[in-house]
Amino acid sequence: MTTDIRDDYSKTAGVQFGKRRGKGRNALSHFLLIGFGILMLYPLIWMVGASFKDSASIFSEISPFPDPIVLDNYARGWEGAGVGFGTYFMNSTIVAVLSVIGNLISCSLAAYAFARLSFKFRAFFFVCMMGTLMLPHHVLIVPQYILFSQLGWVNTFLPLVFPKFLAVDAFFIFLMVQFLRGLPTELDQAAKIDGAGPWQTYRLIILPLTLPALATTAIFTFIWTWNDFLTPLLYLQDPRNYTVPLGLNAFLDASGESAWGPMFAMAVLSLGPLFGFFLAGQKYLTTGIATTGLKG
């Protein structure tokens with residue numbers, strides 16, 4: 001009897017010890033994750049704090065927290081360096097939105113052709129398309145600039161937007177091709193039996209099922225276009241056509257005093273559209289086929 005009691009006590013103590021040990025490990029894991037998260041967010045915290053500091057004290061103080069708080073940076077930054085910063089926001093919005101529309105249309109059509117249609121030399125063209133992923137963008141800068149210059153498109157948004165309507169981003173085409181290959185081909189066959197052609201099948205059957213891939217393409221296209229600095233720098237000469245990255249660069253004067261405070265203030269504001277666009281579309285990133293079109 002005494003042995004049984006001791007055994008039960010040992011088992012109970014062992015279970016309690018295991019629970020305490022598990023809680024201790026969970027607490028340690030959460031502590032490490034929180035610490036790592038703060039470390040990753042520190043540059044963002046520092047930038048937000050710098051936007052409320054005087055330009056002279058931004059790099060002289062270690063603490064990211066401003067003392068005193070300078071609100072004038074946002075007013076001065078919005079006035080811009082010669083051109084109001086609202087103009088830069090509008091230009092970036094136009095370029096980014098048109099780039100998203102162009103990539104969604106052209107890349108989805110190209111992916112549909114590669115994944116679902118049968119035509120001559122399909123495999124060869126697909127390999128050529130994939131080969132462009134290994135071609136550095138900087139190799140194409142000179143011939144592209146000569147081409148757009150001869151077309152008279154320099155200092156306009158056309159060199160930034162028009163290529164997106166020609167399915168030049170092979171990464172997104174490959175992403176959609178892989179997604180479309182996971183869809184059952186019986187959908188295409190059923191649509192063909194009902195009298196639908198390739199265009200009707202793409203528009204009414206395939207396109208609604210590719211919302212996760214389309215959302216991923218839209219989000220990354222918007223982020224990459226909004227943050228692009230090199231391409232607008234090459235083609236945009238008039239400050240009234242500048243995008244946000246060029247507008248931020250205008251605050252830096254190599255020969256005089258740089259307006260660091262207003263620049264950081266506008267950098268903080270420029271993150272707003274990125275976060276907003278991501279939050280608006282991120283729910284589609286994890287949406288699978290079962291929740292898009294195959295649930296009856």
# chains A, B, ... in the order shown; residues from 1 in each chain; ligands from 1
$ residues_around --residues "segment 197-203 of chain A" --least-positions-apart "2" --cutoff "12 Å" --atoms "only C-alpha atoms" --output "count of residues only"
29
$ select_by_dssp --residues "segment 21-206 of chain A" --states "alpha helix (DSSP H)" --output "PyMOL selection string"
chain A and resi 21-50+72-79+85-116+122-131+141-150+158-161+170-181+186-193+198-200
$ residues_around --residues "Cys107 of chain A" --least-positions-apart "2" --cutoff "9 Å" --atoms "only C-alpha atoms" --output "PyMOL selection string"
chain A and resi 102-105+109-112+164-170+172-174+176+217
$ atom_distance --atom1 "atom CA of Ala259 of chain A" --atom2 "atom CA of Ser55 of chain A"
6.6 Å
$ atom_distance --atom1 "atom CA of Phe251 of chain A" --atom2 "atom CA of Gly80 of chain A"
7.8 Å
